[in-house]
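See below for the structure under consideration.
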2 protein chains.
Amino acid sequence: MNEQHVVAGGAGFIGSTLVRVLLRKGASVLVLDDFSLGRRDYLGDLQSDPRLHIEECDVADRSGIEAALRRASSRARVAELWHMAANSDIPAGVHEPDVDYRKTFQTTYELLRACRLVGIDTFHFASSSAVYGDHGDVELHESIGPLLPISNYGAMKLASEAQLSAASEAFLRRANVFRFPNVVGTPATHGVILDFVRKLKSNPARLQVLGNGSQQKAYLHVSDLVDAMLVVATSACQEKVQLVNIGPVDAGVQVRWIAEQVVSRVSPGATIEFGSEGRGWLGDVPRFRYSVSKLREMGWAPRLDSEHAILRAIDEISVQEGF
Amino acid sequence: MNEQHVVAGGAGFIGSTLVRVLLRKGASVLVLDDFSLGRRDYLGDLQSDPRLHIEECDVADRSGIEAALRRASSRARVAELWHMAANSDIPAGVHEPDVDYRKTFQTTYELLRACRLVGIDTFHFASSSAVYGDHGDVELHESIGPLLPISNYGAMKLASEAQLSAASEAFLRRANVFRFPNVVGTPATHGVILDFVRKLKSNPARLQVLGNGSQQKAYLHVSDLVDAMLVVATSACQEKVQLVNIGPVDAGVQVRWIAEQVVSRVSPGATIEFGSEGRGWLGDVPRFRYSVSKLREMGWAPRLDSEHAILRAIDEISVQEGF
């Protein structure tokens with residue numbers, strides 16, 4: 001791989017992990033990030049690599065994005081663009097829809113617009129299992145319908161997918177939509193493990209858990225996620241828009257178990273207190289069955305199941321937070 | 001019906017027809033329209049009805065929309081809001097995506113935001129069969145997936161539906177999504193019949209048709225469309241977001257036949273010239289099978305099939321254009 005890639009949101013949790021792997025494979029990379037959630041130091045030692053360019057840029061800003069992509073194109077052809085920028089704080093979007101509107105939807109819109117103008121024809125999009133909504137026990141396969149997201153986060157991801165579909169008709173040569181599961185690892189910026197670790201840091205005696213702890217979800221380690229994206233991105237593709245669920249193959253773990261593991265790693269003996277509700281927050285899908293058969297047929301398998309992904313992430317995040 | 005309704009885009013083609021029917025049923029109506037495509041005189045004699053308020057308002061403008069809905073709520077409770085405002089010129093959105101972004105997507109976003117603030121909990125949305133994309137011979141039922149719109153118009157309609165889904169989780173008591181077919185009638189602002197009539201007006205000897213004329217589509221007369229919306233809106237509803245395809249039950253008619261009928265009504269003897277392509281423009285779905293079984297189960301049936309809807313609309317539009 002001796003090509004230039006652009007990673008929007010490349011200083012964030014998943015973006016920075018992707019950038020590391022792309023550089024390792026020989027690509028040169030332009031990171032665009034507004035550093036609202038992402039941080040330069042998430043890219044750590046990579047910052048000294050001459051093949052890495054970093055530009056501070058609001059990805060929803062039309063003129064800024066277009067100028068950045070034109071500069072990149074003048075250095076070398078941009079082979080692929082990865083859109084990893086979004087609001088990743090789902091509850092924040094419940095209270096203020098503008099957050100998801102601007103950071104998730106408008107970023108996709110402006111990136112696609114700029115790609116068309118500048119001539120970038122391969123677009124990878126970080127979507128989410130949240131596009132599906134709550135389907136109870138129905139297995140979430142890429143072809144089920146209707147999709148009824150219950151959070152603004154999920155709605156703006158689905159709205160972004162819709163734009164990609166139209167853009168594929170108009171000018172994109174290839175579009176991949178990765179529907180992410182719950183992803184864990186470092187650098188952690190949000191999520192249940194970080195939340196628990198920080199609560200225990202401020203009060204080592206007690207851990208309060210939103211919801212009754214029975215929510216069961218599948219988790220993927222970020223290293224497996226990036227690996228899956230690259231498998232999809234390099235696969236032979238018959239579809240104009242390739243929608244792919246990414247996730248582990250197991251049924252997942254309960255929040256209760258995660259809380260117990262974090263306590264035992266960070267603050268053994270702390271009391272865990274649960275709420276009474278079956279879901280953690282408005283817009284949270286408490287339980288779902290996620291089909292990854294399409295991805296499996298491409299030959300991919302995760303190295304870590306949900307349990308091992310969580311245990312590894314607890315270790316990594318504990319270190320990150322100073323334990 | 002003795003309630004206040006708000007109709008965004010109420011001075012447009014479908015909106016003005018809806019307003020007429022709502023007033024006839026006893027409702028009071030606030031029309032919000034920016035008069036970019038809609039016109040006051042489409043509301044004709046209704047303008048003297050004291051139960052009709054008309055406000056010129058950019059439906060994508062946050063403060064304007066909120067103020068208008070607050071004024072309406074101070075007069076009487078707003079029972080239902082109908083979002084009929086959109087860019088209805090699909091090819092325009094292919095050339096300049098901002099049109100659909102602003103007029104279709106952002107209007108939905110700002111209306112939902114204002115409804116939440118003001119306390120309006122029943123939202124009807126004019127969506128489109130364009131959300132499906134091109135599925136060849138697969139019957140387009142509300143539950144098929146994935147939806148892959150091929151125009152920005154369809155993408156922004158689907159993106160709007162996604163928002164409605166999240167809003168239903170957050171605050172809406174009831175949301176109806178009407179997926180419109182091709183609709184014909186007056187006051188015509190766009191569409192194949194108006195296009196043909198105007199072409200023949202400027203050149204009575206020759207009618208040039210985009211595409212080879214083999215595109216087959218089903219058409220519904222606007223009177224049947226509004227009737228169907230009211231059937232859905234007043235139906236008992238088990239779903240948080242009720243998605244309903246609206247359309248005729250027949251297989252539709254070919255563009256070639258429409259051209260012949262317009263010629264025979266407006267300029268008998270004119271030569272019809274066809275293009276060579278199977279579709280009329282980028283983003284046009286040349287042929288689709290639209291399932292309306294869900295709507296039929298609610299007891300609705302169209303009064304006019306595609307042929308009769310077209311013939312009636314040709315008469316109405318010919319009169320509108322001075323023939």
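Within each chain, counting starts at residue 1; across the structure tokens, chains are named A, B, ... in the order shown, with ligands numbered 1 upward in that order.
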
Using only C-alpha atoms, find each residue of chain B with at least one atom at most 6 Å away from an atom of chain A; report its shortest atom-to-atom pair and that distance in Å (one decimal), sort the rows by chain and rising residue number, and return the result as a Markdown table.
```
| residue | atom | partner | partner_atom | distance |
| --- | --- | --- | --- | --- |
| B:Ser143 | CA | A:Gly145 | CA | 4.6 |
| B:Ile144 | CA | A:Gly145 | CA | 5.0 |
| B:Gly145 | CA | A:Ser143 | CA | 4.6 |
| B:Pro146 | CA | A:Ser143 | CA | 4.9 |
| B:Leu148 | CA | A:Ser165 | CA | 5.4 |
| B:Pro149 | CA | A:Ala166 | CA | 5.6 |
| B:Ile150 | CA | A:Ala166 | CA | 4.3 |
| B:Ser151 | CA | A:Ala166 | CA | 4.9 |
| B:Asn152 | CA | A:Ala166 | CA | 5.5 |
| B:Ala155 | CA | A:Ala162 | CA | 4.7 |
| B:Ala159 | CA | A:Ala159 | CA | 3.9 |
| B:Ala162 | CA | A:Ala155 | CA | 4.7 |
| B:Gln163 | CA | A:Ala155 | CA | 5.3 |
| B:Ser165 | CA | A:Leu148 | CA | 5.4 |
| B:Ala166 | CA | A:Ile150 | CA | 4.3 |
| B:Glu169 | CA | A:Ile150 | CA | 5.5 |
```

Selection from above, N, CA and C atoms, as a short mmCIF file (atom, residue, chain, number, x, y, z; two decimals), in the first residue's frame, can you write it?
```
data_model
loop_
_atom_site.label_atom_id
_atom_site.label_comp_id
_atom_site.auth_asym_id
_atom_site.auth_seq_id
_atom_site.Cartn_x
_atom_site.Cartn_y
_atom_site.Cartn_z
N SER B 143 -41.27 -2.97 4.57
CA SER B 143 -40.30 -3.65 5.43
C SER B 143 -39.07 -4.17 4.68
N ILE B 144 -38.92 -3.84 3.40
CA ILE B 144 -37.72 -4.34 2.72
C ILE B 144 -36.50 -3.53 3.14
N GLY B 145 -35.35 -4.09 2.88
CA GLY B 145 -34.10 -3.42 3.18
C GLY B 145 -32.99 -4.02 2.35
N PRO B 146 -31.85 -3.39 2.23
CA PRO B 146 -31.62 -2.02 2.69
C PRO B 146 -32.19 -1.00 1.70
N LEU B 148 -31.65 2.12 -0.47
CA LEU B 148 -30.47 2.71 -1.11
C LEU B 148 -30.90 3.76 -2.13
N PRO B 149 -31.32 4.94 -1.65
CA PRO B 149 -31.78 5.98 -2.56
C PRO B 149 -30.69 6.36 -3.55
N ILE B 150 -31.09 6.68 -4.77
CA ILE B 150 -30.10 7.00 -5.81
C ILE B 150 -30.13 8.48 -6.17
N SER B 151 -30.95 9.27 -5.49
CA SER B 151 -30.95 10.72 -5.71
C SER B 151 -30.78 11.42 -4.37
N ASN B 152 -30.28 12.64 -4.39
CA ASN B 152 -30.19 13.40 -3.14
C ASN B 152 -31.57 13.65 -2.56
N ALA B 155 -32.40 10.58 -0.75
CA ALA B 155 -31.52 10.48 0.43
C ALA B 155 -32.00 11.41 1.54
N ALA B 159 -33.26 10.44 5.13
CA ALA B 159 -32.59 11.05 6.28
C ALA B 159 -33.63 11.71 7.19
N ALA B 162 -35.37 9.09 9.25
CA ALA B 162 -34.51 8.65 10.35
C ALA B 162 -34.67 9.58 11.56
N GLN B 163 -34.72 10.87 11.27
CA GLN B 163 -34.92 11.84 12.36
C GLN B 163 -36.26 11.64 13.06
N SER B 165 -37.88 8.96 13.36
CA SER B 165 -37.82 7.76 14.17
C SER B 165 -37.22 8.07 15.55
N ALA B 166 -36.13 8.82 15.55
CA ALA B 166 -35.51 9.18 16.84
C ALA B 166 -36.42 10.12 17.63
N GLU B 169 -39.03 8.35 19.61
CA GLU B 169 -38.53 7.80 20.87
C GLU B 169 -38.45 8.90 21.92
#
```

Exercise: range 217-226 of chain A partners within 10 Å, only C-alpha atoms, chain neighbours under 3 positions left out, as JSON, numbers by chain: {"A": [13, 14, 15, 17, 18, 19, 20, 21, 22, 178, 180, 181, 182, 183, 184, 185, 186, 187, 214, 229, 230, 231, 232, 246, 247, 248, 249, 250, 251, 252, 253, 254, 255, 285, 286, 287, 288, 289, 290, 300, 301, 302, 303, 304, 305, 306, 307, 308, 309, 310, 311, 312, 313]}

Residues near Glu55 in chain A, anyone? I mean within 10 Å using only C-alpha atoms, not counting same-chain ones fewer than 5 positions away, as a PyMOL selection string. chain A and resi 8+10+30-35+68

Write out, as an mmCIF file, in the first residue's frame, the residues just selected, with N, CA and C atoms.
```cif
data_model
loop_
_atom_site.group_PDB
_atom_site.id
_atom_site.type_symbol
_atom_site.label_atom_id
_atom_site.label_comp_id
_atom_site.auth_asym_id
_atom_site.auth_seq_id
_atom_site.Cartn_x
_atom_site.Cartn_y
_atom_site.Cartn_z
ATOM 1 N N ALA A 8 -10.679 11.457 8.321
ATOM 2 C CA ALA A 8 -11.386 12.499 9.072
ATOM 3 C C ALA A 8 -11.714 11.938 10.451
ATOM 4 N N GLY A 10 -9.226 11.451 12.510
ATOM 5 C CA GLY A 10 -8.088 10.549 12.664
ATOM 6 C C GLY A 10 -7.328 10.679 13.974
ATOM 7 N N LEU A 30 -3.276 11.723 5.735
ATOM 8 C CA LEU A 30 -3.643 13.059 6.206
ATOM 9 C C LEU A 30 -4.757 12.911 7.235
ATOM 10 N N VAL A 31 -4.493 13.388 8.442
ATOM 11 C CA VAL A 31 -5.512 13.386 9.490
ATOM 12 C C VAL A 31 -6.189 14.752 9.534
ATOM 13 N N LEU A 32 -7.524 14.739 9.465
ATOM 14 C CA LEU A 32 -8.308 15.959 9.689
ATOM 15 C C LEU A 32 -9.073 15.770 10.981
ATOM 16 N N ASP A 33 -8.911 16.678 11.908
ATOM 17 C CA ASP A 33 -9.591 16.515 13.189
ATOM 18 C C ASP A 33 -9.779 17.887 13.814
ATOM 19 N N ASP A 34 -10.901 18.082 14.490
ATOM 20 C CA ASP A 34 -11.109 19.377 15.165
ATOM 21 C C ASP A 34 -10.629 19.322 16.617
ATOM 22 N N PHE A 35 -10.130 18.168 17.025
ATOM 23 C CA PHE A 35 -9.602 17.969 18.383
ATOM 24 C C PHE A 35 -10.626 18.294 19.477
ATOM 25 N N ALA A 68 -8.444 21.727 2.508
ATOM 26 C CA ALA A 68 -7.561 20.674 3.019
ATOM 27 C C ALA A 68 -7.425 19.537 2.009
#
```

Among range 54-298 of chain A, which residues carry a DSSP assignment of alpha helix (DSSP H), reported as a PyMOL selection string? chain A and resi 62-75+90-95+97-100+107-118+152-170+192-202+222-233+255-266+293-297

Report as a PyMOL selection string all protein, DNA and RNA residues lying within 7 Å of range 63-67 of chain A, evaluated on only C-alpha atoms, omitting residues in the same chain fewer than 6 positions from it. chain A and resi 57+111+114

Gly119 in chain A surroundings by only C-alpha atoms, 9 Å radius, close-in-sequence under 2 positions cut, as a ChimeraX atom specification: /A:73,78,114-117,121,171

Show which residues sit within 8 Å of Arg51 in chain B, as a count of residues only. Count only C-alpha atoms, and ignore same-chain residues fewer than 6 positions away. 4
